[in-house]
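A.B. asks: A single structure is presented below for examination.
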Amino acid sequence: MSDNQQRIRDLTGRFGTWYEDPAWLAKGRMTKELYPYDRMFSPIRVNKLSIKNRLVMAPMGNISMAEETGRPNAKMIEYFAARARGGVGLITSGLVPVSHGIDPSVTELGELSYFPRIDKSRTVFSGWRDVAERCRAYGARFFIQLTPGLGRVGSPECLVNKLKLPVSASFNPNFYMPALPCRPLTDAQARRIVKNAGQAAADAKAATIDGVYLHGHEGYLLEQMTNPAFNRRKLGAFRDWKAFGLELVREIRRRTGPDYPIMYRIDLSLALNETYGKRMDSVRSLRKFKKERTVEETLEYMEALVREGVDLFDVDLGCYDNWWLPHPAGPMAPGCFLEVARIAKERFAERGVRSNAGLPVPVVAVGKLGYPDLAEAALRDGSCDMVMLGRPLLADPEWPNKAFAGEVEAICPCIGDQEGCINEFVEGGHPQCAVNPRTGFEELYDGRELAPAAKARKVAVVGAGPAGVTAALVAARRGHEVVLYDARKEIGGMLVPGSRPAIKYDIANYLSHLKAELAKAEASGRLRLELGKAPDAAALKAGGYDVILASTGSRQTRPPVPGIESPNVVHAVDLLRDPALLGAAKSAVVVGGGVVGCETAYWLAHEKGVKTAVVEMLPEIMKGVCTANRGWLIHYLEERGVPLLNCARLAEVRPGEAVVRRNVSKTVPDPLVTWTPLLPENIENPFAKKLKVEEVEERLPADLVVLAAGARPDDTLYRALVEARAAPEVRSLGDAFHLGRVFEATKAAYAVATSL
């Protein structure tokens, strides 16, 4: 094993316990000790192109943000314009396929596509010209990301809808349905994709786009052709796994000339062997991928790509089969891939690698770098040449401008839940953001909705969770007289217990940000905060408010089982609020395998050393949670030896133990599978086994039983307000209306507050 391969193994080996290093944990804070950020805001040259600063907007799929023809429309144009206005130096698009008609997973029935297109006809060019021109108007450069296709990670629906198998480099299992094989591309089809990419790059240049960006990581089709894990071809022009990528770059350079920037996204390693170890031999859908590209092979390939014309790289780790790596989950470490960028930079320096333009080849670092001090430190210490920000720019498009001005406390931090930015388009929506209701709606919310209200109104907001705080801040900004109440002595609602585990440091940052914003609103005289107060309907009616917003959250419930009222039974949110409730417990059973239950179990097992088990009634653990966050938690819960008992239900609580009824049928899904995702509910898997029931009773040691299932909206106050006609306008917000996430709470609050 090479030294660099060992460095990757050591790095991935720390991803489950990184937070135990206080210095690493401290890097994930929104501090400004290194201000002014001189290195971050210095220019850089890529080929003949000058970029004003070292900040790059990451490619995040612009799914369903274009017209059905693939032409960028107002939604996409204003989305990118907002980030350009926010001060980022280089903007990259999400993936744009060049394999329509070849890869059946990228085109839908009727020749429609949820991806933007640049390959169909001239009808799409005007949209791309508008994107590029709007970005340049604010001093940002724009690169279009081209992908040869999805291959085995594309939707298997093409088999049902078109009677066509998905494609890949070799016969590989489909990611979503491993029982479904993907057929190899023919050499002729691969060459057509190469020609298409060259044409798309030439069209991009003609459309005034500043450069092209090849999507060569994460196990998409380009990587499938250029990684021996997936490309096991024995014959033909592309049996050499490097050939397809090199030919692709060669063709783009031929079509665009020597001066047009080419960027390449690559993973230094799939890290599948590091992730799954012995499972690489025992799991059928992983076994074929064991001989993945080594770090040394990747570095050699990168040098060859430079010789063919690549000017710029960004590097990371992983693929879909360990999805929490290329899509760093919320619990991942800040700056998780800086070591990866450092390895590439060191190699280029040792070999004196230069681009065809005679310049050093910049390396862009990726992976949870939305903390200004950390980003600046990485640039100063030579870990990278540029810093890529993805979700931080969805959470706050003004991140660069605020960092430049030293207003770090004003940056709205990403919370890492990935529910709006990834899960939303997986489920059929488009990219959005849990903490920024404007993201993905910039064509609707252009700032005018925040203009001063025509008439100032007296507004009461009851409940200072995410919905209540968002509504109060927006209403106050618009000139209304706002009073924000909460029965507790602190703001945040469920954010408070949600920020308790060390891995939830991003939630802690968001909570700090909300406190700072409320303090500013209070200082301006626009808002009054009343903590430790829970006014009833009569008191609020007596207050003479024009509008009352009830954001009173949810009410925890208990399952009707014997012993449930025992003193050793606590709710997860109460335990996280007050860890003293743990007492001297050495064992715990967490009832509920949703995200709250699994995060609580992780906290108990990893941070508190409590022997913990998770009991979930459904066949799936954390159903509906983003694949990356779900996979990370399951993987590291297993690493700590936490049993995940699906198809199980709490039957009784006894002193020192929990009695569980569990389905032990062989048809029960393996809850530890992270290399295949849960399908959306509207996608039927014809290969799934029919669930049979074979229940047994089990007794689990439990000094403490932790309830993380069973809550319902607490709309008591809202109903009382309506009955009392306490104000001319009464509304219910957040969990008080419908149990949801920060994502739903902030969107609803913003919509209501901007309409007052």
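Simple scheme: letters A, B, ... for chains in structure tokens order, numbers from 1 for residues in each chain, numbers from 1 for ligands in the order shown.
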Identify, on the basis of only C-alpha atoms, every residue whose closest approach to stretch 68-76 of chain A does not exceed 12 Å; exclude the query and any residue fewer than 4 positions from it along the same chain; express the result as a ChimeraX atom specification.

C.D. replies: /A:60-64,80-83,93-98,100,106-132,134-135,144,430-432,438-446

A.B. asks: Using only C-alpha atoms, tabulate the residues of stretch 620-729 of chain A lying at most 12 Å from any atom of stretch 519-535 of chain A, each with its closest atom pair and that distance in Å to one decimal, by chain and increasing residue number, as a Markdown table.

C.D. replies:
| residue | atom | partner | partner_atom | distance |
| --- | --- | --- | --- | --- |
| A:Leu717 | CA | A:Pro535 | CA | 9.2 |
| A:Tyr718 | CA | A:Pro535 | CA | 11.9 |
| A:Ala720 | CA | A:Pro535 | CA | 11.6 |
| A:Leu721 | CA | A:Pro535 | CA | 10.9 |
| A:Ala726 | CA | A:Pro535 | CA | 11.9 |

A.B. asks: Looking only at the backbone, which of the residues in stretch 142-318 of chain A does DSSP tag as strand (DSSP E), as a VMD selection string?

C.D. replies: chain A and resid 142 to 147 167 to 168 172 to 173 181 to 184 211 to 215 262 to 269 312 to 317

A.B. asks: For the interface of stretch 416-451 of chain A with stretch 324-343 of chain A (cut-off 8 Å, counting only C-alpha atoms), please tabulate each contacting residue of stretch 416-451 of chain A alongside its nearest pair of atoms and their separation in Å to one decimal, rows sorted by chain and increasing number, as a Markdown table.

C.D. replies:
| residue | atom | partner | partner_atom | distance |
| --- | --- | --- | --- | --- |
| A:Gly416 | CA | A:Gly330 | CA | 4.0 |
| A:Asp417 | CA | A:Gly330 | CA | 5.7 |
| A:Gln418 | CA | A:Ala329 | CA | 7.6 |

A.B. asks: So which residues touch A:Val461 within 12 Å, counting only C-alpha atoms, skipping near sequence neighbours fewer than 6 positions away, as an MDAnalysis selection string?

C.D. replies: chainID A and resid 467:476 480:487 527:531 533:535 540 545:552 717:718 729:734 749 752:753

A.B. asks: Would you give me, as a ChimeraX atom specification, the residues in stretch 253-393 of chain A that DSSP reads as alpha helix (DSSP H)?

C.D. replies: /A:253-256,272-276,279-282,284-287,295-308,338-351,372-380,391-393

A.B. asks: Could you name the residues that touch stretch 170-180 of chain A at 7 Å or less, counting only C-alpha atoms, but leaving out those on the same chain fewer than 4 positions away, as a ChimeraX atom specification?

C.D. replies: /A:152-153,184,230-233,285,676-677,687

A.B. asks: Would you kindly return, as a PyMOL selection string, each protein, DNA or RNA residue with an atom no farther than 12 Å from any atom of A:Gly592, considering only C-alpha atoms and excluding same-chain residues fewer than 6 positions away?

C.D. replies: chain A and resi 558-559+571-572+598-601+613-623+644-650+705-711
